[in-house]
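Shown here: entry.pdb, PDB, C-alpha atoms (C1' of nucleotides).
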```
ATOM      1  CA  MET A  10      -3.279 -51.708 -73.421
ATOM      2  CA  LEU A  11      -3.691 -53.904 -76.444
ATOM      3  CA  ILE A  12      -3.590 -57.590 -75.658
ATOM      4  CA  HIS A  13      -3.339 -60.126 -78.410
ATOM      5  CA  ILE A  14      -3.656 -63.872 -77.927
ATOM      6  CA  ASP A  15      -2.310 -66.391 -80.423
ATOM      7  CA  PHE A  16      -4.824 -69.214 -80.327
ATOM      8  CA  ASN A  17      -2.542 -71.374 -82.468
ATOM      9  CA  SER A  18       0.333 -71.051 -80.004
ATOM     10  CA  GLU A  19       1.320 -74.068 -77.965
ATOM     11  CA  GLU A  20       1.588 -71.709 -74.990
ATOM     12  CA  ALA A  21      -1.459 -71.752 -72.722
ATOM     13  CA  ILE A  22      -3.787 -68.765 -73.056
ATOM     14  CA  TYR A  23      -3.552 -67.839 -69.364
ATOM     15  CA  GLN A  24       0.254 -67.983 -69.678
ATOM     16  CA  GLN A  25       0.241 -65.678 -72.709
ATOM     17  CA  LEU A  26      -1.973 -63.322 -70.749
ATOM     18  CA  CYS A  27       0.441 -63.276 -67.808
ATOM     19  CA  ASN A  28       3.423 -62.631 -70.076
ATOM     20  CA  GLN A  29       1.706 -59.791 -71.920
ATOM     21  CA  ILE A  30       0.649 -58.078 -68.727
ATOM     22  CA  ILE A  31       4.186 -58.394 -67.338
ATOM     23  CA  LEU A  32       5.428 -56.976 -70.628
ATOM     24  CA  GLY A  33       2.925 -54.163 -70.221
ATOM     25  CA  ILE A  34       4.278 -53.371 -66.762
ATOM     26  CA  ALA A  35       7.871 -53.474 -68.022
ATOM     27  CA  THR A  36       7.039 -50.956 -70.760
ATOM     28  CA  CYS A  37       5.089 -48.719 -68.375
ATOM     29  CA  GLN A  38       1.821 -49.259 -70.178
ATOM     30  CA  PHE A  39       0.676 -50.462 -66.794
ATOM     31  CA  GLU A  40       1.830 -48.593 -63.733
ATOM     32  CA  ASP A  41       1.721 -49.283 -60.019
ATOM     33  CA  GLY A  42      -1.770 -48.642 -58.707
ATOM     34  CA  GLN A  43      -3.441 -48.925 -62.066
ATOM     35  CA  VAL A  44      -6.534 -51.105 -62.210
ATOM     36  CA  LEU A  45      -6.658 -54.037 -64.614
ATOM     37  CA  PRO A  46      -9.850 -54.720 -66.535
ATOM     38  CA  SER A  47     -12.286 -56.940 -64.648
ATOM     39  CA  VAL A  48     -12.046 -60.643 -65.393
ATOM     40  CA  ARG A  49     -15.392 -60.555 -67.169
ATOM     41  CA  GLN A  50     -14.565 -57.450 -69.194
ATOM     42  CA  LEU A  51     -11.199 -58.707 -70.383
ATOM     43  CA  ALA A  52     -12.596 -62.149 -71.135
ATOM     44  CA  ASP A  53     -15.268 -60.525 -73.298
ATOM     45  CA  ASP A  54     -12.763 -58.270 -75.078
ATOM     46  CA  ILE A  55     -10.449 -61.141 -75.949
ATOM     47  CA  GLY A  56     -13.237 -63.622 -76.565
ATOM     48  CA  ILE A  57     -12.257 -66.190 -73.951
ATOM     49  CA  ASN A  58     -13.732 -67.569 -70.775
ATOM     50  CA  MET A  59     -13.816 -65.607 -67.535
ATOM     51  CA  HIS A  60     -12.009 -68.383 -65.668
ATOM     52  CA  THR A  61      -9.044 -68.265 -68.005
ATOM     53  CA  VAL A  62      -8.528 -64.588 -67.189
ATOM     54  CA  ASN A  63      -9.096 -65.323 -63.525
ATOM     55  CA  LYS A  64      -6.347 -67.948 -63.586
ATOM     56  CA  ALA A  65      -3.937 -65.447 -65.139
ATOM     57  CA  TYR A  66      -4.784 -62.851 -62.448
ATOM     58  CA  THR A  67      -4.370 -65.477 -59.745
ATOM     59  CA  VAL A  68      -0.903 -66.404 -61.054
ATOM     60  CA  LEU A  69       0.080 -62.725 -61.287
ATOM     61  CA  LYS A  70      -1.106 -62.250 -57.708
ATOM     62  CA  GLN A  71       0.877 -65.307 -56.618
ATOM     63  CA  GLU A  72       4.030 -64.003 -58.328
ATOM     64  CA  GLY A  73       3.703 -60.520 -56.855
ATOM     65  CA  PHE A  74       2.587 -58.358 -59.762
ATOM     66  CA  VAL A  75      -0.968 -57.709 -58.688
ATOM     67  CA  LYS A  76      -3.025 -57.280 -55.556
ATOM     68  CA  VAL A  77      -6.760 -57.487 -55.256
ATOM     69  CA  ASP A  78      -8.674 -54.512 -53.905
ATOM     70  CA  ARG A  79     -12.156 -55.580 -52.804
ATOM     71  CA  ARG A  80     -13.543 -52.299 -54.082
ATOM     72  CA  ARG A  81     -11.765 -51.888 -57.407
ATOM     73  CA  GLY A  82     -10.574 -55.320 -58.468
ATOM     74  CA  ALA A  83      -7.101 -56.352 -59.637
ATOM     75  CA  VAL A  84      -4.557 -53.582 -59.125
ATOM     76  CA  ILE A  85      -0.969 -53.505 -60.382
ATOM     77  CA  SER A  86       1.283 -53.820 -57.333
ATOM     78  CA  VAL A  87       4.786 -55.040 -58.043
ATOM     79  CA  ASP A  88       6.821 -56.763 -55.368
ATOM     80  CA  TYR A  89      10.273 -55.169 -55.544
ATOM     81  CA  ASP A  90      12.087 -57.595 -53.231
ATOM     82  CA  LYS A  91      15.419 -57.753 -55.015
ATOM     83  CA  GLN A  92      16.642 -60.970 -53.457
ATOM     84  CA  ARG A  93      13.483 -62.845 -54.309
ATOM     85  CA  ALA A  94      13.545 -61.440 -57.836
ATOM     86  CA  GLU A  95      17.166 -62.405 -58.469
ATOM     87  CA  LYS A  96      16.555 -65.884 -57.176
ATOM     88  CA  ALA A  97      13.553 -66.446 -59.437
ATOM     89  CA  ILE A  98      15.210 -64.905 -62.486
ATOM     90  CA  GLY A  99      18.451 -66.746 -61.846
ATOM     91  CA  LYS A 100      16.590 -70.039 -61.917
ATOM     92  CA  ASP A 101      15.155 -69.290 -65.347
ATOM     93  CA  LEU A 102      18.454 -67.885 -66.590
ATOM     94  CA  ARG A 103      20.340 -71.029 -65.624
ATOM     95  CA  VAL A 104      18.242 -73.076 -68.044
ATOM     96  CA  ILE A 105      18.608 -70.612 -70.901
ATOM     97  CA  LEU A 106      22.335 -70.047 -70.403
ATOM     98  CA  ALA A 107      23.010 -73.779 -70.418
ATOM     99  CA  GLU A 108      21.593 -73.811 -73.921
ATOM    100  CA  ALA A 109      23.599 -70.712 -74.824
ATOM    101  CA  ILE A 110      26.851 -72.339 -73.694
ATOM    102  CA  CYS A 111      26.031 -75.472 -75.696
ATOM    103  CA  ARG A 112      25.664 -73.297 -78.792
ATOM    104  CA  ASN A 113      29.054 -71.685 -78.171
ATOM    105  CA  LEU A 114      27.583 -68.289 -77.337
ATOM    106  CA  THR A 115      30.022 -66.369 -75.151
ATOM    107  CA  ARG A 116      29.014 -64.340 -72.152
ATOM    108  CA  GLU A 117      29.773 -61.268 -74.246
ATOM    109  CA  ASP A 118      27.202 -62.480 -76.786
ATOM    110  CA  ILE A 119      24.653 -62.730 -73.982
ATOM    111  CA  HIS A 120      25.577 -59.347 -72.526
ATOM    112  CA  SER A 121      24.963 -57.616 -75.849
ATOM    113  CA  LEU A 122      21.729 -59.559 -76.286
ATOM    114  CA  VAL A 123      20.611 -58.405 -72.830
ATOM    115  CA  ASP A 124      21.541 -54.812 -73.661
ATOM    116  CA  ARG A 125      19.672 -54.988 -76.942
ATOM    117  CA  ILE A 126      16.506 -56.203 -75.211
ATOM    118  CA  TYR A 127      16.801 -53.612 -72.420
ATOM    119  CA  ASP A 128      17.199 -50.915 -75.094
ATOM    120  CA  GLU A 129      14.180 -52.277 -76.882
ATOM    121  CA  TYR A 130      12.005 -52.049 -73.774
ATOM    122  CA  GLU A 131      13.311 -48.624 -72.772
ATOM    123  CA  ARG A 132      12.513 -47.328 -76.232
ATOM    124  CA  TYR A 133       8.884 -48.219 -75.580
ATOM    125  CA  ILE A 134       8.985 -46.408 -72.254
ATOM    126  CA  ASN A 135      10.138 -43.126 -73.786
ATOM    127  CA  SER A 136       7.312 -42.812 -76.270
TER     128      SER A 136
ATOM    129  CA  MET B   1      26.286 -88.686 -66.237
ATOM    130  CA  LEU B   2      24.010 -88.667 -63.258
ATOM    131  CA  ILE B   3      20.437 -87.771 -64.060
ATOM    132  CA  HIS B   4      17.968 -87.060 -61.335
ATOM    133  CA  ILE B   5      14.238 -86.568 -61.882
ATOM    134  CA  ASP B   6      12.025 -84.772 -59.388
ATOM    135  CA  PHE B   7       8.722 -86.616 -59.591
ATOM    136  CA  ASN B   8       7.049 -83.989 -57.427
ATOM    137  CA  SER B   9       8.037 -81.184 -59.784
ATOM    138  CA  GLU B  10       5.342 -79.526 -61.834
ATOM    139  CA  GLU B  11       7.775 -79.658 -64.761
ATOM    140  CA  ALA B  12       7.116 -82.554 -67.131
ATOM    141  CA  ILE B  13       9.522 -85.494 -66.824
ATOM    142  CA  TYR B  14      10.577 -85.357 -70.472
ATOM    143  CA  GLN B  15      11.245 -81.621 -70.063
ATOM    144  CA  GLN B  16      13.413 -82.203 -66.994
ATOM    145  CA  LEU B  17      15.294 -84.831 -68.985
ATOM    146  CA  CYS B  18      15.899 -82.385 -71.850
ATOM    147  CA  ASN B  19      17.121 -79.693 -69.479
ATOM    148  CA  GLN B  20      19.473 -82.020 -67.646
ATOM    149  CA  ILE B  21      21.006 -83.340 -70.848
ATOM    150  CA  ILE B  22      21.458 -79.772 -72.135
ATOM    151  CA  LEU B  23      23.051 -78.954 -68.778
ATOM    152  CA  GLY B  24      25.275 -81.990 -69.224
ATOM    153  CA  ILE B  25      26.417 -80.738 -72.619
ATOM    154  CA  ALA B  26      27.039 -77.247 -71.245
ATOM    155  CA  THR B  27      29.266 -78.656 -68.497
ATOM    156  CA  CYS B  28      31.102 -80.985 -70.900
ATOM    157  CA  GLN B  29      29.823 -84.112 -69.212
ATOM    158  CA  PHE B  30      28.475 -84.889 -72.678
ATOM    159  CA  GLU B  31      30.642 -84.102 -75.682
ATOM    160  CA  ASP B  32      30.018 -83.947 -79.404
ATOM    161  CA  GLY B  33      29.928 -87.429 -80.823
ATOM    162  CA  GLN B  34      29.213 -89.097 -77.517
ATOM    163  CA  VAL B  35      26.429 -91.666 -77.506
ATOM    164  CA  LEU B  36      23.484 -91.231 -75.150
ATOM    165  CA  PRO B  37      22.080 -94.256 -73.316
ATOM    166  CA  SER B  38      19.436 -96.083 -75.312
ATOM    167  CA  VAL B  39      15.834 -95.099 -74.617
ATOM    168  CA  ARG B  40      15.192 -98.454 -72.964
ATOM    169  CA  GLN B  41      18.356 -98.354 -70.872
ATOM    170  CA  LEU B  42      17.831 -94.817 -69.581
ATOM    171  CA  ALA B  43      14.146 -95.470 -68.911
ATOM    172  CA  ASP B  44      15.134 -98.496 -66.818
ATOM    173  CA  ASP B  45      17.831 -96.582 -64.936
ATOM    174  CA  ILE B  46      15.501 -93.728 -64.026
ATOM    175  CA  GLY B  47      12.472 -95.925 -63.533
ATOM    176  CA  ILE B  48      10.218 -94.354 -66.135
ATOM    177  CA  ASN B  49       8.629 -95.406 -69.375
ATOM    178  CA  MET B  50      10.574 -95.797 -72.599
ATOM    179  CA  HIS B  51       8.301 -93.392 -74.461
ATOM    180  CA  THR B  52       8.995 -90.598 -72.014
ATOM    181  CA  VAL B  53      12.715 -90.865 -72.755
ATOM    182  CA  ASN B  54      11.958 -91.146 -76.451
ATOM    183  CA  LYS B  55       9.989 -87.913 -76.345
ATOM    184  CA  ALA B  56      12.904 -86.135 -74.685
ATOM    185  CA  TYR B  57      15.302 -87.437 -77.357
ATOM    186  CA  THR B  58      12.889 -86.394 -80.095
ATOM    187  CA  VAL B  59      12.707 -82.849 -78.699
ATOM    188  CA  LEU B  60      16.500 -82.693 -78.379
ATOM    189  CA  LYS B  61      16.790 -83.845 -81.991
ATOM    190  CA  GLN B  62      14.253 -81.235 -83.069
ATOM    191  CA  GLU B  63      16.172 -78.483 -81.250
ATOM    192  CA  GLY B  64      19.531 -79.510 -82.668
ATOM    193  CA  PHE B  65      21.327 -81.131 -79.746
ATOM    194  CA  VAL B  66      21.236 -84.731 -80.927
ATOM    195  CA  LYS B  67      21.286 -86.742 -84.127
ATOM    196  CA  VAL B  68      20.276 -90.329 -84.562
ATOM    197  CA  ASP B  69      22.799 -92.796 -85.929
ATOM    198  CA  ARG B  70      21.020 -95.932 -87.158
ATOM    199  CA  ARG B  71      23.923 -98.022 -85.881
ATOM    200  CA  ARG B  72      24.620 -96.485 -82.491
ATOM    201  CA  GLY B  73      21.506 -94.597 -81.432
ATOM    202  CA  ALA B  74      21.220 -91.024 -80.174
ATOM    203  CA  VAL B  75      24.474 -89.118 -80.538
ATOM    204  CA  ILE B  76      25.292 -85.664 -79.181
ATOM    205  CA  SER B  77      25.547 -83.319 -82.146
ATOM    206  CA  VAL B  78      25.092 -79.662 -81.346
ATOM    207  CA  ASP B  79      23.909 -77.238 -83.988
ATOM    208  CA  TYR B  80      26.229 -74.217 -83.692
ATOM    209  CA  ASP B  81      24.301 -71.874 -86.007
ATOM    210  CA  LYS B  82      24.830 -68.626 -84.105
ATOM    211  CA  GLN B  83      21.989 -66.688 -85.695
ATOM    212  CA  ARG B  84      19.461 -69.388 -84.985
ATOM    213  CA  ALA B  85      20.767 -69.736 -81.418
ATOM    214  CA  GLU B  86      20.597 -66.005 -80.701
ATOM    215  CA  LYS B  87      17.093 -65.813 -82.091
ATOM    216  CA  ALA B  88      15.842 -68.676 -79.941
ATOM    217  CA  ILE B  89      17.600 -67.470 -76.809
ATOM    218  CA  GLY B  90      16.537 -63.885 -77.403
ATOM    219  CA  LYS B  91      12.922 -65.003 -77.445
ATOM    220  CA  ASP B  92      13.247 -66.639 -74.034
ATOM    221  CA  LEU B  93      15.285 -63.744 -72.657
ATOM    222  CA  ARG B  94      12.654 -61.215 -73.650
ATOM    223  CA  VAL B  95      10.133 -62.885 -71.334
ATOM    224  CA  ILE B  96      12.543 -63.116 -68.410
ATOM    225  CA  LEU B  97      13.900 -59.585 -68.795
ATOM    226  CA  ALA B  98      10.399 -58.138 -68.862
ATOM    227  CA  GLU B  99       9.962 -59.573 -65.389
ATOM    228  CA  ALA B 100      13.400 -58.304 -64.365
ATOM    229  CA  ILE B 101      12.526 -54.756 -65.456
ATOM    230  CA  CYS B 102       9.240 -54.926 -63.562
ATOM    231  CA  ARG B 103      11.200 -55.807 -60.424
ATOM    232  CA  ASN B 104      13.527 -52.833 -60.927
ATOM    233  CA  LEU B 105      16.556 -54.991 -61.701
ATOM    234  CA  THR B 106      19.006 -52.977 -63.791
ATOM    235  CA  ARG B 107      20.862 -54.321 -66.775
ATOM    236  CA  GLU B 108      23.954 -54.317 -64.578
ATOM    237  CA  ASP B 109      22.165 -56.604 -62.142
ATOM    238  CA  ILE B 110      21.441 -58.977 -65.006
ATOM    239  CA  HIS B 111      24.987 -58.777 -66.358
ATOM    240  CA  SER B 112      26.446 -59.818 -63.040
ATOM    241  CA  LEU B 113      23.849 -62.566 -62.707
ATOM    242  CA  VAL B 114      24.814 -63.840 -66.172
ATOM    243  CA  ASP B 115      28.495 -63.731 -65.244
ATOM    244  CA  ARG B 116      27.850 -65.576 -62.026
ATOM    245  CA  ILE B 117      26.029 -68.379 -63.874
ATOM    246  CA  TYR B 118      28.694 -68.585 -66.582
ATOM    247  CA  ASP B 119      31.354 -68.835 -63.864
ATOM    248  CA  GLU B 120      29.335 -71.533 -62.177
ATOM    249  CA  TYR B 121      29.163 -73.640 -65.338
ATOM    250  CA  GLU B 122      32.805 -73.095 -66.232
ATOM    251  CA  ARG B 123      33.817 -74.235 -62.777
ATOM    252  CA  TYR B 124      32.182 -77.578 -63.541
ATOM    253  CA  ILE B 125      34.048 -77.776 -66.841
ATOM    254  CA  ASN B 126      37.468 -77.379 -65.193
ATOM    255  CA  SER B 127      37.113 -80.276 -62.808
TER     256      SER B 127
ATOM    257  C1'  DC C  15     -31.482 -52.528 -53.980
ATOM    258  C1'  DA C  16     -29.434 -53.088 -58.301
ATOM    259  C1'  DC C  17     -24.649 -53.479 -59.871
ATOM    260  C1'  DC C  18     -19.971 -54.040 -59.921
ATOM    261  C1'  DT C  19     -15.865 -56.659 -58.087
ATOM    262  C1'  DG C  20     -13.227 -61.395 -57.304
ATOM    263  C1'  DT C  21     -14.170 -66.061 -55.753
ATOM    264  C1'  DT C  22     -16.018 -70.695 -55.524
ATOM    265  C1'  DA C  23     -18.334 -74.851 -57.008
ATOM    266  C1'  DT C  24     -19.577 -78.163 -60.479
ATOM    267  C1'  DA C  25     -19.622 -80.235 -64.909
ATOM    268  C1'  DT C  26     -17.912 -81.091 -69.510
ATOM    269  C1'  DT C  27     -14.631 -81.329 -73.362
ATOM    270  C1'  DA C  28     -10.062 -81.462 -75.379
ATOM    271  C1'  DT C  29      -5.252 -81.820 -74.900
ATOM    272  C1'  DT C  30      -1.091 -83.219 -72.739
ATOM    273  C1'  DT C  31       1.585 -86.375 -70.016
ATOM    274  C1'  DG C  32       3.003 -90.741 -68.761
ATOM    275  C1'  DT C  33       2.471 -95.643 -68.871
ATOM    276  C1'  DA C  34       1.884-100.280 -71.043
ATOM    277  C1'  DT C  35       2.322-103.815 -74.852
ATOM    278  C1'  DA C  36       3.555-104.868 -79.102
ATOM    279  C1'  DA C  37       5.422-104.826 -83.369
ATOM    280  C1'  DC C  38       8.565-103.082 -87.227
ATOM    281  C1'  DA C  39      12.911-101.643 -89.884
ATOM    282  C1'  DG C  40      17.801-100.962 -89.942
ATOM    283  C1'  DG C  41      22.345-102.269 -88.394
ATOM    284  C1'  DT C  42      25.851-105.429 -85.821
ATOM    285  C1'  DG C  43      28.248-109.455 -84.702
ATOM    286  C1'  DG C  44      28.486-114.422 -83.954
TER     287       DG C  44
ATOM    288  C1'  DC D  13      21.027-116.745 -91.183
ATOM    289  C1'  DC D  14      19.987-115.354 -86.568
ATOM    290  C1'  DA D  15      19.752-113.423 -82.180
ATOM    291  C1'  DC D  16      20.292-108.774 -80.476
ATOM    292  C1'  DC D  17      20.742-104.087 -80.286
ATOM    293  C1'  DT D  18      19.116 -99.451 -82.018
ATOM    294  C1'  DG D  19      15.034 -95.823 -82.724
ATOM    295  C1'  DT D  20      10.323 -95.654 -84.413
ATOM    296  C1'  DT D  21       5.406 -96.450 -84.762
ATOM    297  C1'  DA D  22       0.785 -97.883 -83.483
ATOM    298  C1'  DT D  23      -2.696 -98.598 -79.948
ATOM    299  C1'  DA D  24      -4.813 -98.205 -75.710
ATOM    300  C1'  DC D  25      -5.464 -96.327 -71.185
ATOM    301  C1'  DA D  26      -5.216 -93.404 -66.877
ATOM    302  C1'  DA D  27      -4.233 -89.026 -64.871
ATOM    303  C1'  DA D  28      -3.549 -84.215 -64.976
ATOM    304  C1'  DT D  29      -4.083 -79.775 -67.167
ATOM    305  C1'  DA D  30      -6.450 -76.228 -69.948
ATOM    306  C1'  DA D  31     -10.474 -74.105 -71.346
ATOM    307  C1'  DT D  32     -15.279 -73.584 -71.493
ATOM    308  C1'  DA D  33     -20.047 -73.097 -69.480
ATOM    309  C1'  DT D  34     -23.492 -72.017 -65.779
ATOM    310  C1'  DA D  35     -24.398 -70.637 -61.516
ATOM    311  C1'  DA D  36     -24.096 -68.856 -57.175
ATOM    312  C1'  DC D  37     -21.894 -66.166 -53.236
ATOM    313  C1'  DA D  38     -19.661 -62.278 -50.426
ATOM    314  C1'  DG D  39     -17.954 -57.654 -50.226
ATOM    315  C1'  DG D  40     -18.231 -52.932 -51.689
ATOM    316  C1'  DT D  41     -20.458 -48.816 -54.368
ATOM    317  C1'  DG D  42     -23.859 -45.605 -55.599
TER     318       DG D  42
END
```
Using the file provided, produce a representation of the structure as structure tokens.
Amino acid sequence: MLIHIDFNSEEAIYQQLCNQIILGIATCQFEDGQVLPSVRQLADDIGINMHTVNKAYTVLKQEGFVKVDRRRGAVISVDYDKQRAEKAIGKDLRVILAEAICRNLTREDIHSLVDRIYDEYERYINS
Amino acid sequence: MLIHIDFNSEEAIYQQLCNQIILGIATCQFEDGQVLPSVRQLADDIGINMHTVNKAYTVLKQEGFVKVDRRRGAVISVDYDKQRAEKAIGKDLRVILAEAICRNLTREDIHSLVDRIYDEYERYINS
DNA sequence: CACCTGTTATATTATTTGTATAACAGGTGG
DNA sequence: CCACCTGTTATACAAATAATATAACAGGTG
């Protein structure tokens, strides 16, 4: 999977890494059981420090996207606990939807936005 | 409006302030044209530094929630440009929905979550 | 025994966050 | 005119975070 970091972004590098890997899982470019590049390998490829990649992997492990296999390294392993997922996503949504309501976006506006993004991701999956 | 800061949160104080004021606008506790407390007043009330409040106000101004009236101070003034709003919110949604898809949450799951949060906010408005 | 994993420890630099004083410019009301 | 209120700006400083740089360690593989 191609990973691109924007070094001019205000978003931390390890955070960009996390988001891109999650995006990769969502679009099936990474699948359950697949091995991620080693921290040293990926750091070399991107041109960043090993510890920055390690921090991203640690966060992904913490959030239930990855497990570490002593033999192979970091392996995609998504936690599918629906309750936990809805709670976490609801927390983030609450912040975003407050802004949406301020801007006079209706719930129908948001629904179609959600559908558009889901379509976008599913298009990637089927190709 | 009651503003409460969690000093143990990992979220920056000025960011919490921004979010709470946006939440206040969403729930009509702040309305267009209403004057926010002065940076010194609010800083005193919360028990933080003036500059921290000022940073929050500056961000809110930047994002189109507030304008500064030389005579009165910071005034709620929401930018209702729908295109700009959808673009900004879409960007945030894309990150969250990637995680949702990873967790096997369907778009219907998200729709009902969105509805639940909208209901929650509208309940505050009608009371 | 080399070689690959992640992990840990330590140190250093730069940036961000929050605080602390202080001053300045514009507007208001006595 | 003058105190007094706005936000704004300029410094300075401490603490936390982000990123880099070396180096070493433990577990597993071939």
(request) Let me know the residues the PyMOL selection byres ((chain C and resi 24-30) around 12) catches in the file above, as a PyMOL selection string. (result) (chain A and resi 19+21) or (chain B and resi 12) or (chain C and resi 22-23+31-32) or (chain D and resi 27-36)
Selected residues written out, C-alpha atoms (C1' of nucleotides), as a PDB file, keeping the file's coordinate frame:
```pdb
ATOM      1  CA  GLU A  19       1.320 -74.068 -77.965  1.00  0.00           C
ATOM      2  CA  ALA A  21      -1.459 -71.752 -72.722  1.00  0.00           C
TER       3      ALA A  21
ATOM      4  CA  ALA B  12       7.116 -82.554 -67.131  1.00  0.00           C
TER       5      ALA B  12
ATOM      6  C1'  DT C  22     -16.018 -70.695 -55.524  1.00  0.00           C
ATOM      7  C1'  DA C  23     -18.334 -74.851 -57.008  1.00  0.00           C
ATOM      8  C1'  DT C  31       1.585 -86.375 -70.016  1.00  0.00           C
ATOM      9  C1'  DG C  32       3.003 -90.741 -68.761  1.00  0.00           C
TER      10       DG C  32
ATOM     11  C1'  DA D  27      -4.233 -89.026 -64.871  1.00  0.00           C
ATOM     12  C1'  DA D  28      -3.549 -84.215 -64.976  1.00  0.00           C
ATOM     13  C1'  DT D  29      -4.083 -79.775 -67.167  1.00  0.00           C
ATOM     14  C1'  DA D  30      -6.450 -76.228 -69.948  1.00  0.00           C
ATOM     15  C1'  DA D  31     -10.474 -74.105 -71.346  1.00  0.00           C
ATOM     16  C1'  DT D  32     -15.279 -73.584 -71.493  1.00  0.00           C
ATOM     17  C1'  DA D  33     -20.047 -73.097 -69.480  1.00  0.00           C
ATOM     18  C1'  DT D  34     -23.492 -72.017 -65.779  1.00  0.00           C
ATOM     19  C1'  DA D  35     -24.398 -70.637 -61.516  1.00  0.00           C
ATOM     20  C1'  DA D  36     -24.096 -68.856 -57.175  1.00  0.00           C
TER      21       DA D  36
END
```
(request) Would you kindly report the residues of chain A within 6 Å of chain B, using only C-alpha atoms, as a ChimeraX atom specification? (result) /A:32,35,89,107,110-112
(request) Up to 9 Å from chain B, what residues of chain C turn up? Count all atoms listed in the file and give them as a ChimeraX atom specification. (result) /C:31-34,40-42
(request) Could you tell me which residues the PyMOL selection byres ((chain D and resi 16) around 10) grabs in this file, written as a list of chain:residue names? (result)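 Checking the PyMOL selection byres ((chain D and resi 16) around 10) against this file, the residues are C:DT42, C:DG43, D:DC14, D:DA15, D:DC17, D:DT18.
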(request) Quick one: apply the PyMOL selection byres ((chain D and resi 22) around 12) to the file and drop the selected residues here as a PyMOL selection string. (result) (chain C and resi 35-38) or (chain D and resi 20-21+23-24)
(request) May I ask for the distance between atom CA of Thr67 of chain A and atom C1' of DG42 of chain D, given in Å to one decimal place? (result)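 So the answer is 28.1 Å.
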(request) Rounded to one decimal place, report the atom C1' of DC25 of chain D-atom CA of Gly47 of chain B distance in Å. (result)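 Atom-to-atom, atom C1' of DC25 of chain D and atom CA of Gly47 of chain B are spaced 19.5 Å apart.
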(message) Would you compute the distance between atom CA of Gln15 of chain B and atom CA of Ile14 of chain A? Give it in Å to one decimal.
(response)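 Spanning atom CA of Gln15 of chain B to atom CA of Ile14 of chain A is a straight-line distance of 24.5 Å.
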Enumerate, as a PDB file with C-alpha atoms (C1' of nucleotides), keeping the file's coordinate frame, the protein, DNA and RNA residues whose atoms approach (-7.4, -66.1, -61.1) to within 12 Å, taking into account only C-alpha atoms (C1' of nucleotides) and the coordinate frame of the file.
```
ATOM      1  CA  TYR A  23      -3.552 -67.839 -69.364  1.00  0.00           C
ATOM      2  CA  GLN A  24       0.254 -67.983 -69.678  1.00  0.00           C
ATOM      3  CA  LEU A  26      -1.973 -63.322 -70.749  1.00  0.00           C
ATOM      4  CA  CYS A  27       0.441 -63.276 -67.808  1.00  0.00           C
ATOM      5  CA  SER A  47     -12.286 -56.940 -64.648  1.00  0.00           C
ATOM      6  CA  VAL A  48     -12.046 -60.643 -65.393  1.00  0.00           C
ATOM      7  CA  ARG A  49     -15.392 -60.555 -67.169  1.00  0.00           C
ATOM      8  CA  ALA A  52     -12.596 -62.149 -71.135  1.00  0.00           C
ATOM      9  CA  ASN A  58     -13.732 -67.569 -70.775  1.00  0.00           C
ATOM     10  CA  MET A  59     -13.816 -65.607 -67.535  1.00  0.00           C
ATOM     11  CA  HIS A  60     -12.009 -68.383 -65.668  1.00  0.00           C
ATOM     12  CA  THR A  61      -9.044 -68.265 -68.005  1.00  0.00           C
ATOM     13  CA  VAL A  62      -8.528 -64.588 -67.189  1.00  0.00           C
ATOM     14  CA  ASN A  63      -9.096 -65.323 -63.525  1.00  0.00           C
ATOM     15  CA  LYS A  64      -6.347 -67.948 -63.586  1.00  0.00           C
ATOM     16  CA  ALA A  65      -3.937 -65.447 -65.139  1.00  0.00           C
ATOM     17  CA  TYR A  66      -4.784 -62.851 -62.448  1.00  0.00           C
ATOM     18  CA  THR A  67      -4.370 -65.477 -59.745  1.00  0.00           C
ATOM     19  CA  VAL A  68      -0.903 -66.404 -61.054  1.00  0.00           C
ATOM     20  CA  LEU A  69       0.080 -62.725 -61.287  1.00  0.00           C
ATOM     21  CA  LYS A  70      -1.106 -62.250 -57.708  1.00  0.00           C
ATOM     22  CA  GLN A  71       0.877 -65.307 -56.618  1.00  0.00           C
ATOM     23  CA  GLU A  72       4.030 -64.003 -58.328  1.00  0.00           C
ATOM     24  CA  VAL A  75      -0.968 -57.709 -58.688  1.00  0.00           C
ATOM     25  CA  LYS A  76      -3.025 -57.280 -55.556  1.00  0.00           C
ATOM     26  CA  VAL A  77      -6.760 -57.487 -55.256  1.00  0.00           C
ATOM     27  CA  GLY A  82     -10.574 -55.320 -58.468  1.00  0.00           C
ATOM     28  CA  ALA A  83      -7.101 -56.352 -59.637  1.00  0.00           C
TER      29      ALA A  83
ATOM     30  C1'  DG C  20     -13.227 -61.395 -57.304  1.00  0.00           C
ATOM     31  C1'  DT C  21     -14.170 -66.061 -55.753  1.00  0.00           C
ATOM     32  C1'  DT C  22     -16.018 -70.695 -55.524  1.00  0.00           C
TER      33       DT C  22
END
```
